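Remarks on the structure that follows.
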Amino acid sequence: MSSLTITASSHSSASAALVYAALLDAESWPAWSAYADIEWDVPVRVDRPARVDDLRTIRSRTGRVCCRERVVEMVPDQRFSYEQAAGLLTSHRGSVDLARASHGGTDITWSATYRHTLPLLDTPRRRRLQVWVHDLASYASSVVSRNS
């Protein structure tokens with residue numbers, strides 16, 4: 001098995017704060033991602049924002065658990081990083097970087113590294129990451145449009 005690092009970029013008319021909020025808002029994921037459910041694993045009756053070392057479970061639209069991820073870095077409105085804690089390939093680490101664009105809005109760069117991958121999966125992973133970053137950007141832009 002070989003390793004794979006991929007990067008995908010997109011632009012949103014939304015602020016970095018709004019894009020970052022969408023990443024943390026589990027309820028928004030079905031609106032912009034291929035996943036049906038993102039569930040943060042926090043103690044019962046605890047209502048707080050996500051923190052480093054929190055876990056989240058990601059389920060597909062079929063209801064299957066796809067993976068569990070651990071938050072490894074949070075820089076509000078700038079960076080959100082995670083690593084796969086359980087699932088098919090536990091060597092996956094990703095990062096979403098947000099930067100103010102000179103012409104307004106936010107440039108989004110989503111990177112992922114797989115320490116072990118099969119070359120047959122590389123092209124679908126590249127496509128999927130580009131779709132995710134585009135869909136996140138579009139979702140955030142649509143929130144701006146609805147609120148203006």
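Each chain in the structure tokens gets a letter, A, B, ..., in the order shown, and its residues are numbered from 1; ligands are numbered from 1 in order too.
Summary of the local environment: counting only C-alpha atoms, residues at most 6 Å from Tyr114 in chain A, other than itself and those fewer than 5 positions away along its chain, are Ser3, Leu4, Ser91 and His92 of chain A.
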Kindly export the residues of the current selection with N, CA, C and O atoms, as a PDB file, in the first residue's frame.
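Contents of the output file part-v4.pdb:
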```
ATOM      1  N   SER A   3       1.003   5.761   0.186  1.00  0.00           N
ATOM      2  CA  SER A   3       0.331   6.884   0.847  1.00  0.00           C
ATOM      3  C   SER A   3      -0.232   7.824  -0.217  1.00  0.00           C
ATOM      4  O   SER A   3       0.146   7.774  -1.381  1.00  0.00           O
ATOM      5  N   LEU A   4      -1.139   8.690   0.229  1.00  0.00           N
ATOM      6  CA  LEU A   4      -1.782   9.628  -0.686  1.00  0.00           C
ATOM      7  C   LEU A   4      -2.065  10.923   0.058  1.00  0.00           C
ATOM      8  O   LEU A   4      -2.611  10.906   1.164  1.00  0.00           O
ATOM      9  N   SER A  91      -5.846   5.581   9.108  1.00  0.00           N
ATOM     10  CA  SER A  91      -4.667   6.410   8.899  1.00  0.00           C
ATOM     11  C   SER A  91      -4.996   7.717   8.176  1.00  0.00           C
ATOM     12  O   SER A  91      -4.117   8.384   7.664  1.00  0.00           O
ATOM     13  N   HIS A  92      -6.240   8.124   8.155  1.00  0.00           N
ATOM     14  CA  HIS A  92      -6.686   9.317   7.449  1.00  0.00           C
ATOM     15  C   HIS A  92      -6.621  10.530   8.372  1.00  0.00           C
ATOM     16  O   HIS A  92      -7.067  10.490   9.502  1.00  0.00           O
TER      17      HIS A  92
END
```
So that I can see what lies close to range 51-59 of chain A, please list as a ChimeraX atom specification the residues with an atom at most 6 Å from it, counting only C-alpha atoms and leaving out residues fewer than 3 positions away in the same chain. /A:37-41,63-73
For N, CA and C atoms, I'd like the residues from the last selection saved as a CSV table (one decimal), in the first residue's frame.
```
chain,number,residue,atom,x,y,z
A,37,ASP,N,-25.7,12.0,8.5
A,37,ASP,CA,-25.7,12.3,10.0
A,37,ASP,C,-24.3,12.5,10.5
A,38,ILE,N,-24.1,13.5,11.2
A,38,ILE,CA,-22.8,13.7,11.9
A,38,ILE,C,-23.3,13.9,13.4
A,39,GLU,N,-22.7,13.1,14.3
A,39,GLU,CA,-23.1,13.1,15.7
A,39,GLU,C,-21.9,13.3,16.5
A,40,TRP,N,-21.9,14.4,17.3
A,40,TRP,CA,-20.8,14.7,18.2
A,40,TRP,C,-21.0,13.8,19.4
A,41,ASP,N,-19.9,13.2,19.9
A,41,ASP,CA,-19.9,12.4,21.1
A,41,ASP,C,-19.5,13.2,22.3
A,63,GLY,N,-27.5,4.9,6.6
A,63,GLY,CA,-27.5,4.7,8.0
A,63,GLY,C,-26.3,3.9,8.6
A,64,ARG,N,-25.4,3.5,7.7
A,64,ARG,CA,-24.2,2.8,8.1
A,64,ARG,C,-23.2,3.8,8.7
A,65,VAL,N,-22.5,3.4,9.8
A,65,VAL,CA,-21.5,4.2,10.3
A,65,VAL,C,-20.3,4.1,9.3
A,66,CYS,N,-19.9,5.3,8.8
A,66,CYS,CA,-18.7,5.3,7.9
A,66,CYS,C,-17.4,5.4,8.7
A,67,CYS,N,-17.4,6.2,9.7
A,67,CYS,CA,-16.1,6.4,10.4
A,67,CYS,C,-16.4,7.2,11.7
A,68,ARG,N,-15.4,7.1,12.5
A,68,ARG,CA,-15.4,8.0,13.7
A,68,ARG,C,-14.1,8.9,13.6
A,69,GLU,N,-14.3,10.1,13.9
A,69,GLU,CA,-13.1,11.1,13.7
A,69,GLU,C,-12.9,11.8,15.0
A,70,ARG,N,-11.7,12.1,15.3
A,70,ARG,CA,-11.3,12.9,16.5
A,70,ARG,C,-10.8,14.2,16.0
A,71,VAL,N,-11.2,15.3,16.7
A,71,VAL,CA,-10.8,16.6,16.4
A,71,VAL,C,-9.4,16.8,16.9
A,72,VAL,N,-8.4,17.2,16.1
A,72,VAL,CA,-7.1,17.3,16.6
A,72,VAL,C,-6.6,18.8,16.6
A,73,GLU,N,-7.3,19.7,15.9
A,73,GLU,CA,-6.9,21.1,15.9
A,73,GLU,C,-8.1,22.0,15.6
```
Excluding Val19 in chain A and residues on its chain fewer than 5 positions from it, collect all residues at most 12 Å away from it, counting only C-alpha atoms, and give them as a PyMOL selection string. chain A and resi 10-14+24-25+28-29+32+76-80+96-100+105-109+133-144
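Shortest separation to Thr5 in chain A among A:Arg115, A:Arg127, A:Arg146, A:His103 occurs at residue A:Arg115, atoms counted being only C-alpha atoms.
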